[in-house]
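Chemist: Got my_file-v2.cif for you, mmCIF, C-alpha atoms and all ligand atoms:
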```cif
data_coords
loop_
_atom_site.label_atom_id
_atom_site.label_comp_id
_atom_site.auth_asym_id
_atom_site.auth_seq_id
_atom_site.Cartn_x
_atom_site.Cartn_y
_atom_site.Cartn_z
CA MET A 188 0.00 0.00 0.00
CA ARG A 189 1.35 3.44 -0.87
CA LEU A 190 0.33 6.71 0.77
CA GLY A 191 1.88 8.73 -2.04
CA ARG A 192 2.61 11.75 0.15
CA PRO A 193 4.03 12.57 3.59
CA VAL A 194 1.98 11.46 6.59
CA GLU A 195 2.21 15.01 8.05
CA ASP A 196 0.40 16.41 4.98
CA ILE A 197 -2.44 13.93 5.41
CA VAL A 198 -2.68 14.66 9.15
CA ARG A 199 -2.81 18.42 8.44
CA GLU A 200 -5.51 17.94 5.83
CA LEU A 201 -7.58 15.74 8.16
CA ASP A 202 -7.30 18.39 10.89
CA GLU A 203 -8.25 21.22 8.55
CA ASN A 204 -10.92 19.61 6.39
CA GLY A 205 -12.05 16.46 8.20
CA PHE A 206 -11.15 14.29 5.22
CA ALA A 207 -8.12 13.55 3.06
CA PRO A 208 -7.96 11.95 -0.40
CA LEU A 209 -5.56 9.01 -0.77
CA ASP A 210 -4.80 8.53 -4.45
CA ASP A 211 -3.98 5.06 -5.82
CA LEU A 212 -3.97 3.52 -2.34
CA VAL A 213 -4.84 0.00 -3.40
CA PRO A 214 -2.72 -2.05 -5.83
CA GLU A 215 -4.48 -3.85 -8.68
CA SER A 216 -3.97 -7.28 -7.09
CA VAL A 217 -5.93 -6.24 -3.97
CA LEU A 218 -8.51 -4.37 -6.03
CA GLU A 219 -9.17 -7.65 -7.83
CA VAL A 220 -9.88 -9.31 -4.47
CA MET A 221 -12.29 -6.47 -3.63
CA ARG A 222 -14.10 -6.82 -6.98
CA ARG A 223 -14.61 -10.53 -6.35
CA GLY A 224 -15.97 -9.81 -2.88
CA CYS A 225 -18.38 -7.17 -4.20
CA ASP A 226 -19.57 -9.42 -7.06
CA ASP A 227 -20.24 -12.22 -4.62
CA LEU A 228 -22.21 -10.04 -2.18
CA ILE A 229 -24.23 -8.36 -4.93
CA GLY A 230 -24.89 -11.74 -6.57
CA ARG A 231 -26.43 -13.03 -3.35
CA THR A 232 -28.94 -10.18 -3.28
CA ARG A 233 -30.56 -11.47 -6.50
CA GLN A 234 -32.46 -13.90 -4.29
CA MET A 235 -33.60 -11.22 -1.84
CA ARG A 236 -36.91 -9.37 -1.88
CA HIS A 237 -36.70 -7.54 1.43
CA SER A 238 -33.98 -5.65 3.26
CA SER A 239 -32.83 -7.36 6.42
CA GLN A 240 -30.20 -6.62 9.04
CA GLY A 241 -27.22 -5.06 7.29
CA TRP A 242 -28.50 -5.78 3.76
CA GLN A 243 -30.43 -2.87 2.32
CA LEU A 244 -32.01 -3.11 -1.12
CA GLU A 245 -32.95 -0.19 -3.31
CA ALA A 246 -36.70 0.13 -3.88
CA GLU A 247 -39.18 1.90 -6.13
CA GLY A 248 -41.18 4.82 -4.85
CA ASP A 249 -40.76 7.72 -2.46
CA GLY A 250 -37.84 7.43 -0.07
CA GLY A 251 -36.36 4.45 -2.00
CA GLY A 252 -34.84 1.60 -0.03
CA TRP A 253 -34.88 3.49 3.26
CA ALA A 254 -38.64 4.02 3.26
CA ALA A 255 -39.28 0.51 1.91
CA ARG A 256 -37.33 -0.99 4.75
CA ALA A 257 -39.10 1.12 7.38
CA THR A 258 -42.53 0.07 6.05
CA GLY A 259 -41.72 -3.55 5.11
CA ARG A 260 -42.15 -2.96 1.36
CA GLU A 261 -40.27 -5.08 -1.18
CA GLY A 262 -36.96 -3.94 -2.61
CA ILE A 263 -35.46 -4.65 -6.02
CA PRO A 264 -33.62 -8.01 -6.11
CA GLY A 265 -29.96 -7.61 -7.09
CA LYS A 266 -29.99 -3.86 -6.58
CA VAL A 267 -28.39 -3.57 -3.18
CA ARG A 268 -27.67 -0.18 -1.69
CA VAL A 269 -25.48 -1.17 1.24
CA VAL A 270 -24.24 -4.28 3.00
CA GLY A 271 -23.05 -3.73 6.57
CA TYR A 272 -20.65 -6.14 8.29
CA ALA A 273 -19.49 -6.94 4.76
CA HIS A 274 -16.39 -8.68 6.18
CA GLU A 275 -18.61 -11.21 7.95
CA HIS A 276 -20.28 -12.19 4.69
CA SER A 277 -17.32 -12.09 2.33
CA PRO A 278 -13.88 -13.63 2.95
CA GLU A 279 -12.48 -11.39 0.21
CA ILE A 280 -13.71 -8.19 1.85
CA ALA A 281 -12.42 -9.51 5.20
CA LYS A 282 -8.94 -10.11 3.77
CA VAL A 283 -8.30 -6.59 2.53
CA PRO A 284 -7.36 -4.78 5.78
CA GLY A 285 -4.66 -7.43 6.36
CA LEU A 286 -3.43 -7.33 2.76
CA LEU A 287 -3.07 -3.55 2.92
CA GLY A 288 -2.06 -3.30 6.57
CA LEU A 289 -4.69 -0.56 6.99
CA ASN A 290 -4.33 -0.31 10.74
CA GLU A 291 -0.55 -0.26 11.00
CA ASN A 292 0.19 1.59 7.75
CA LEU A 293 -2.58 4.17 7.84
CA VAL A 294 -4.59 4.42 11.06
CA GLU A 295 -1.65 4.29 13.45
CA PRO A 296 0.58 6.77 11.60
CA LEU A 297 -2.31 9.23 11.27
CA HIS A 298 -3.88 8.89 14.72
CA GLY A 299 -0.82 7.96 16.78
CA LEU A 300 -2.43 4.77 18.10
CA ARG A 301 -3.80 1.69 16.38
CA GLY A 302 -7.52 1.65 15.90
CA ASP A 303 -10.04 -1.05 16.77
CA PHE A 304 -11.78 -2.50 13.76
CA TYR A 305 -15.42 -1.38 13.90
CA ASN A 306 -17.18 -2.41 10.68
CA SER A 307 -16.98 -2.65 6.92
CA TYR A 308 -19.57 -1.75 4.33
CA LEU A 309 -20.19 -2.40 0.69
CA TRP A 310 -21.70 0.77 -0.80
CA ALA A 311 -22.98 -0.67 -4.05
CA LYS A 312 -24.74 2.36 -5.61
CA PRO A 313 -26.21 0.18 -8.38
CA SER A 314 -26.81 1.41 -11.93
CA GLU A 315 -29.96 3.43 -12.72
CA VAL A 316 -31.61 3.08 -9.28
CA GLY A 317 -28.71 3.78 -6.92
CA SER A 318 -30.22 6.30 -4.53
CA GLU A 319 -28.82 9.46 -3.00
CA LYS A 320 -27.17 9.19 0.41
CA PRO A 321 -28.23 12.46 2.04
CA TRP A 322 -25.87 14.79 3.93
CA HIS A 323 -25.02 13.20 7.27
CA GLN A 324 -22.33 12.76 9.89
CA ASP A 325 -21.48 9.13 10.68
CA ALA A 326 -21.28 10.06 14.38
CA LEU A 327 -25.08 9.93 14.36
CA PHE A 328 -24.79 6.16 14.18
CA LEU A 329 -22.44 5.88 17.19
CA LYS A 330 -23.83 5.21 20.65
CA GLU A 331 -23.12 7.43 23.68
CA GLU A 332 -20.94 4.70 25.26
CA PHE A 333 -18.62 4.77 22.25
CA TYR A 334 -17.06 7.99 23.52
CA GLU A 335 -16.01 6.44 26.84
CA ALA A 336 -13.12 4.67 25.09
CA TYR A 337 -12.91 6.36 21.71
CA GLU A 338 -12.69 9.88 20.35
CA ASP A 339 -13.67 9.37 16.73
CA VAL A 340 -13.51 6.93 13.85
CA PHE A 341 -11.54 6.87 10.64
CA THR A 342 -13.54 5.64 7.68
CA ILE A 343 -11.34 4.50 4.82
CA TRP A 344 -13.62 4.55 1.78
CA ILE A 345 -12.14 2.80 -1.27
CA ALA A 346 -13.56 3.15 -4.79
CA VAL A 347 -13.88 -0.21 -6.52
CA ASP A 348 -15.30 1.32 -9.71
CA ASP A 349 -14.74 4.73 -11.18
CA ALA A 350 -16.68 7.06 -8.85
CA ARG A 351 -17.71 10.15 -10.79
CA GLU A 352 -20.06 13.03 -10.25
CA ASP A 353 -22.71 11.45 -12.52
CA ASN A 354 -22.69 8.04 -10.82
CA GLY A 355 -22.64 9.25 -7.24
CA CYS A 356 -19.13 9.92 -5.97
CA LEU A 357 -18.79 11.34 -2.46
CA ARG A 358 -19.10 15.02 -1.60
CA PHE A 359 -17.72 16.50 1.62
CA LEU A 360 -18.21 19.66 3.61
CA PRO A 361 -14.66 20.69 4.59
CA GLY A 362 -14.50 22.01 8.16
CA SER A 363 -17.84 20.53 9.26
CA HIS A 364 -15.95 18.22 11.68
CA ARG A 365 -14.50 21.12 13.71
CA GLY A 366 -15.20 20.89 17.41
CA SER A 367 -16.50 17.34 16.91
CA VAL A 368 -20.03 18.64 17.15
CA LEU A 369 -22.78 16.29 16.08
CA GLN A 370 -25.68 17.96 14.29
CA GLU A 371 -28.80 15.87 14.66
CA PRO A 372 -31.18 15.89 11.70
CA ARG A 373 -34.71 16.96 12.59
CA GLY A 374 -37.59 14.50 12.77
CA ILE A 375 -35.66 11.26 13.11
CA ASN A 376 -36.25 8.38 15.49
CA ARG A 377 -33.11 8.45 17.67
CA GLU A 378 -33.97 5.12 19.30
CA ASP A 379 -34.11 3.30 15.97
CA LEU A 380 -32.69 5.30 13.09
CA PHE A 381 -33.80 2.70 10.55
CA ALA A 382 -37.39 3.18 11.68
CA SER A 383 -37.15 6.95 11.10
CA PRO A 384 -39.83 8.32 8.78
CA HIS A 385 -37.12 9.60 6.45
CA GLU A 386 -33.42 8.99 6.03
CA PRO A 387 -31.46 11.32 8.33
CA SER A 388 -30.51 14.38 6.31
CA LEU A 389 -28.74 17.58 7.33
CA ASP A 390 -29.61 21.00 5.97
CA ILE A 391 -26.00 22.04 5.42
CA GLU A 392 -26.75 25.56 4.14
CA THR A 393 -28.46 26.42 7.43
CA LEU A 394 -26.04 24.60 9.71
CA TRP A 395 -22.81 25.69 8.07
CA PRO A 396 -23.58 28.73 5.88
CA GLU A 397 -19.88 29.63 5.74
CA LEU A 398 -18.69 26.27 4.38
CA THR A 399 -18.56 25.13 0.75
CA PRO A 400 -19.00 21.49 -0.33
CA VAL A 401 -16.43 19.78 -2.51
CA THR A 402 -17.01 16.88 -4.89
CA LEU A 403 -14.43 14.10 -4.77
CA PRO A 404 -14.32 11.81 -7.83
CA ARG A 405 -12.15 8.73 -7.26
CA ARG A 406 -10.50 6.28 -9.63
CA PRO A 407 -10.74 2.56 -8.83
CA GLY A 408 -8.29 1.86 -6.01
CA SER A 409 -8.19 5.47 -4.84
CA ALA A 410 -9.61 6.24 -1.43
CA VAL A 411 -10.57 8.92 1.04
CA ILE A 412 -10.23 8.87 4.82
CA PHE A 413 -12.61 10.87 6.99
CA SER A 414 -13.82 11.56 10.52
CA ALA A 415 -17.21 10.57 11.93
CA PHE A 416 -17.99 14.28 12.29
CA THR A 417 -17.36 15.27 8.67
CA ALA A 418 -20.62 15.87 6.82
CA HIS A 419 -20.77 13.99 3.53
CA THR A 420 -23.22 12.82 0.91
CA SER A 421 -23.39 11.03 -2.43
CA SER A 422 -25.89 11.68 -5.18
CA ALA A 423 -28.09 9.20 -7.03
CA ASN A 424 -26.65 6.98 -9.75
CA VAL A 425 -28.76 7.31 -12.87
CA THR A 426 -26.08 6.00 -15.21
CA GLU A 427 -25.68 2.49 -16.62
CA ASP A 428 -22.55 1.89 -14.54
CA GLN A 429 -22.51 0.63 -11.01
CA ARG A 430 -20.42 2.61 -8.51
CA ARG A 431 -19.19 0.11 -5.95
CA ALA A 432 -17.08 1.15 -2.99
CA VAL A 433 -16.04 -0.54 0.22
CA SER A 434 -15.37 1.25 3.48
CA TYR A 435 -13.41 0.03 6.48
CA VAL A 436 -14.11 1.81 9.74
CA TYR A 437 -11.72 1.94 12.70
CA SER A 438 -12.58 3.29 16.15
CA LEU A 439 -9.87 5.64 17.39
CA PRO A 440 -8.90 5.17 21.05
CA ARG A 441 -8.69 8.33 23.11
CA ARG A 442 -5.18 9.67 23.20
CA PRO A 443 -3.68 10.57 26.58
CA GLY A 444 -4.44 14.20 27.42
CA THR A 445 -7.42 14.53 25.09
CA THR A 446 -10.72 15.44 26.62
CA GLY A 447 -12.41 14.24 23.46
CA ALA A 448 -15.00 16.75 22.43
CA GLY A 449 -17.02 13.97 20.80
CA ARG A 450 -20.69 14.71 21.55
O1 LIG B 501 -20.69 5.43 -0.62
C1 LIG B 501 -21.67 6.14 -0.40
O2 LIG B 501 -22.45 6.45 -1.27
C2 LIG B 501 -21.94 6.65 0.99
C3 LIG B 501 -20.83 6.32 1.95
C4 LIG B 501 -21.06 6.87 3.31
O3 LIG B 501 -21.95 7.64 3.57
C5 LIG B 501 -20.13 6.47 4.37
O4 LIG B 501 -19.16 5.73 4.12
O5 LIG B 501 -20.36 6.89 5.53
#
```
Starting from the file, give its structure as C-alpha cells.
Ligand SMILES: O=C(O)CCC(=O)C(=O)O
Modeler:
Amino acid sequence: MRLGRPVEDIVRELDENGFAPLDDLVPESVLEVMRRGCDDLIGRTRQMRHSSQGWQLEAEGDGGGWAARATGREGIPGKVRVVGYAHEHSPEIAKVPGLLGLNENLVEPLHGLRGDFYNSYLWAKPSEVGSEKPWHQDALFLKEEFYEAYEDVFTIWIAVDDAREDNGCLRFLPGSHRGSVLQEPRGINREDLFASPHEPSLDIETLWPELTPVTLPRRPGSAVIFSAFTAHTSSANVTEDQRRAVSYVYSLPRRPGTTGAGR
C-alpha cells in the first residue's frame, strides 16, 4: 500500500478539512480481491426481496430503499444499496485490511495509536436506481458509550469502480468536523434510526452557511479517509454503470491528554 505523500500532509488535511484523499492507495492485485468480494455479495442479493439486518435493497417509490425498509415494502432483487458487516459475509472483503495493513500503515501513523476495527460496508450504488445518500455525519450512528473509550472513527472509503459526479461519488463539507459537534437531523427516530420516517438528512446551508461542499471523484483503487464528524453525501446513480465502494471503519482510542470533544 502506498500513501503517495508525507503522513504530516495527510494529518494536516484531516485536521483542517475532516477528510483527506488518498490517491492510488490499493494495488491492482488487492482491487481484484475487492471486486470478487463485491460481485459475490451483490450476486447473493438477486435472491432477496426484502432488506434485512445489514443488507439494504434499493426500492421503487418515495424514499427508495430506506422508506421501503421502514414500512416492510419489497426492494429490487440484485440492486443492493449497502451491506453492513461486509467482512462477515465475504472472505475477500475480510482479507483486505490485512493485505493492505490498513491499521498499521494508515490508522496508526495518522492517529498515533492503532484503531479497533469497527465495521466494513459495501456501498454498491447500483446502476440506474442507486439512490442518494443524504448529507449526514457518521457520528449519528455511534452510541453514547462509544465515547467512553474512543474519540472518533476513521472511515477509509475505497472506490472499486470509477466514482464520478454522474454516478454518485462522495461530496464532503470541509470544516464541518470542527469541534467534533454532532448535528442531529430533525424529525428522526433516535432510538431506531432505521425506523425513522425519512433517512437522516442535514440541511447544510443552514447549519454551516460559511462552508462550501467539494465533490471528490475517485479512480478505482483510490480512497478517502474521513472523521465521523465530517458531513458527507453522495448523489443518485442514474447511469448504466454501477459505482461500488467498500469502506473500512476503525474506532480511534482516546489519546492521553485529550478530553475528546465527541458529543
Ligand atoms: O458510498 C456512499 O455512497 C456513501 C458512503 C457513506 O456515507 C459512508 O461511508 O459513511
Chemist: Taking (-38.9, 1.3, -2.5) as a centre in this file's frame and 10 Å as the limit, can you find every polymer residue with an atom that close, using all atoms listed in the file, and give them as JSON, numbers by chain?
Modeler: {"A": [237, 244, 245, 246, 247, 248, 249, 250, 251, 252, 253, 254, 255, 256, 257, 258, 259, 260, 261, 262, 263]}
Chemist: Around all of ligand LIG 501 (chain B)'s listed atoms, make the axis-aligned box with 5 Å on each side and tell me centre and edge lengths in Å to one decimal, as AutoDock Vina command-line options.
Modeler:
```
--center_x -20.8 --center_y 6.5 --center_z 2.1 --size_x 13.3 --size_y 12.2 --size_z 16.8
```
Chemist: Just how far from CA of Ser388 (chain A) is CA of Leu297 (chain A), in Å to one decimal?
Modeler: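 Separation between CA of Leu297 (chain A) and CA of Ser388 (chain A): 29.1 Å.
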Chemist: What's around Gly362 (chain A) at 10 Å? Count only C-alpha atoms, leave out sequence neighbours fewer than 3 positions away in its own chain, and write the answer as a PyMOL selection string.
Modeler: chain A and resi 201-206+359+365-366+395+397-400+416-418
Chemist: Would you list the residues that come within 6 Å of ligand LIG 501 (chain B)? Count all atoms listed in the file and give the answer as a PyMOL selection string.
Modeler: chain A and resi 310+320+325+420-421+434
Chemist: Nearest to Ala207 (chain A): which of A:Pro361, A:Gly265, A:Gly241, A:Gly230 is it, counting all atoms listed in the file?
Modeler: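 Looking at the shortest contact to Ala207 (chain A), the residue is A:Pro361.
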Chemist: Which polymer residues have any atom within 10 Å of an atom of Trp242 (chain A), counting all atoms listed in the file, with same-chain residues fewer than 4 positions away left out, as a ChimeraX atom specification?
Modeler: /A:228,232,235,237-238,267-273,308-309
Chemist: Can you work out which one of A:Leu380, A:Val368, A:Met221, A:Leu300 has the shortest atom-to-atom distance to Val433 (chain A), counting only C-alpha atoms?
Modeler: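 Of A:Leu380, A:Val368, A:Met221, A:Leu300, the one nearest Val433 (chain A) is A:Met221, counting only C-alpha atoms.
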Chemist: Write out as a PyMOL selection string which residues come within 9 Å of Ala423 (chain A) when counting all atoms listed in the file, dropping same-chain ones fewer than 6 positions away.
Modeler: chain A and resi 312+315-320+353-355
Chemist: For CA of Ser314 (chain A) and CA of Ile375 (chain A), determine how far apart the two atoms are, in Å to one decimal place.
Modeler: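 Computing it gives 28.3 Å between the two atoms.
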Chemist: How far is it from CA of Ile280 (chain A) to CA of Phe304 (chain A), in Å with one decimal?
Modeler: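 Taking CA of Ile280 (chain A) and CA of Phe304 (chain A), their separation equals 13.3 Å.
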Chemist: When distances are computed from all atoms listed in the file, which of A:Thr445, A:Thr402, A:Thr426, A:Ser216 shows the smallest separation from Glu338 (chain A)?
Modeler: A:Thr445
Chemist: Name the residues in contact with Ala350 (chain A) at a cut-off of 6 Å, using all atoms listed in the file, excluding same-chain residues fewer than 6 positions from it; report them as a list in words.
Modeler: Cys356, Pro404, Arg405 and Arg430 of chain A
Chemist: Scan for residues within 8 Å of the point (-6.1, 3.1, 17.1) in the coordinates of the file, using all atoms listed in the file, and reply as a PyMOL selection string.
Modeler: chain A and resi 290+294-295+298-303+437-440
Chemist: Which of these residues is nearest to Pro396 (chain A), using only C-alpha atoms: A:Gln324, A:Asn376, A:Gln243, A:Ser363?
Modeler: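 For Pro396 (chain A), the nearest of the candidates is A:Ser363.
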Chemist: Nearest to Leu287 (chain A) among A:Val213, A:Ile391, A:Leu190, A:Ala410, with distances taken over all atoms listed in the file: which residue is it?
Modeler: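 Checking each candidate against Leu287 (chain A), we get A:Val213 as the closest.
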Chemist: Go through A:Phe328, A:Trp322, A:Tyr305, A:Tyr334 and flag the residue nearest Asp379 (chain A), using only C-alpha atoms for the distances.
Modeler: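 Among the listed residues, the smallest separation from Asp379 (chain A) belongs to A:Phe328.
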Chemist: I'd like the neighbourhood of Pro208 (chain A) as a PDB file with C-alpha atoms, in the frame of the given file, where a residue qualifies if any of its atoms comes within 12 Å (using all atoms listed in the file), though same-chain residues fewer than 4 positions away should be ignored.
Modeler:
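File written: part.pdb
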```
ATOM      1  CA  LEU A 190       0.330   6.710   0.770  1.00  0.00           C
ATOM      2  CA  GLY A 191       1.880   8.730  -2.040  1.00  0.00           C
ATOM      3  CA  ARG A 192       2.610  11.750   0.150  1.00  0.00           C
ATOM      4  CA  ASP A 196       0.400  16.410   4.980  1.00  0.00           C
ATOM      5  CA  ILE A 197      -2.440  13.930   5.410  1.00  0.00           C
ATOM      6  CA  VAL A 198      -2.680  14.660   9.150  1.00  0.00           C
ATOM      7  CA  GLU A 200      -5.510  17.940   5.830  1.00  0.00           C
ATOM      8  CA  LEU A 201      -7.580  15.740   8.160  1.00  0.00           C
ATOM      9  CA  ASN A 204     -10.920  19.610   6.390  1.00  0.00           C
ATOM     10  CA  LEU A 212      -3.970   3.520  -2.340  1.00  0.00           C
ATOM     11  CA  THR A 342     -13.540   5.640   7.680  1.00  0.00           C
ATOM     12  CA  ILE A 343     -11.340   4.500   4.820  1.00  0.00           C
ATOM     13  CA  TRP A 344     -13.620   4.550   1.780  1.00  0.00           C
ATOM     14  CA  ILE A 345     -12.140   2.800  -1.270  1.00  0.00           C
ATOM     15  CA  ALA A 346     -13.560   3.150  -4.790  1.00  0.00           C
ATOM     16  CA  LEU A 357     -18.790  11.340  -2.460  1.00  0.00           C
ATOM     17  CA  ARG A 358     -19.100  15.020  -1.600  1.00  0.00           C
ATOM     18  CA  PHE A 359     -17.720  16.500   1.620  1.00  0.00           C
ATOM     19  CA  VAL A 401     -16.430  19.780  -2.510  1.00  0.00           C
ATOM     20  CA  THR A 402     -17.010  16.880  -4.890  1.00  0.00           C
ATOM     21  CA  LEU A 403     -14.430  14.100  -4.770  1.00  0.00           C
ATOM     22  CA  PRO A 404     -14.320  11.810  -7.830  1.00  0.00           C
ATOM     23  CA  ARG A 405     -12.150   8.730  -7.260  1.00  0.00           C
ATOM     24  CA  ARG A 406     -10.500   6.280  -9.630  1.00  0.00           C
ATOM     25  CA  GLY A 408      -8.290   1.860  -6.010  1.00  0.00           C
ATOM     26  CA  SER A 409      -8.190   5.470  -4.840  1.00  0.00           C
ATOM     27  CA  ALA A 410      -9.610   6.240  -1.430  1.00  0.00           C
ATOM     28  CA  VAL A 411     -10.570   8.920   1.040  1.00  0.00           C
ATOM     29  CA  ILE A 412     -10.230   8.870   4.820  1.00  0.00           C
ATOM     30  CA  PHE A 413     -12.610  10.870   6.990  1.00  0.00           C
TER      31      PHE A 413
END
```
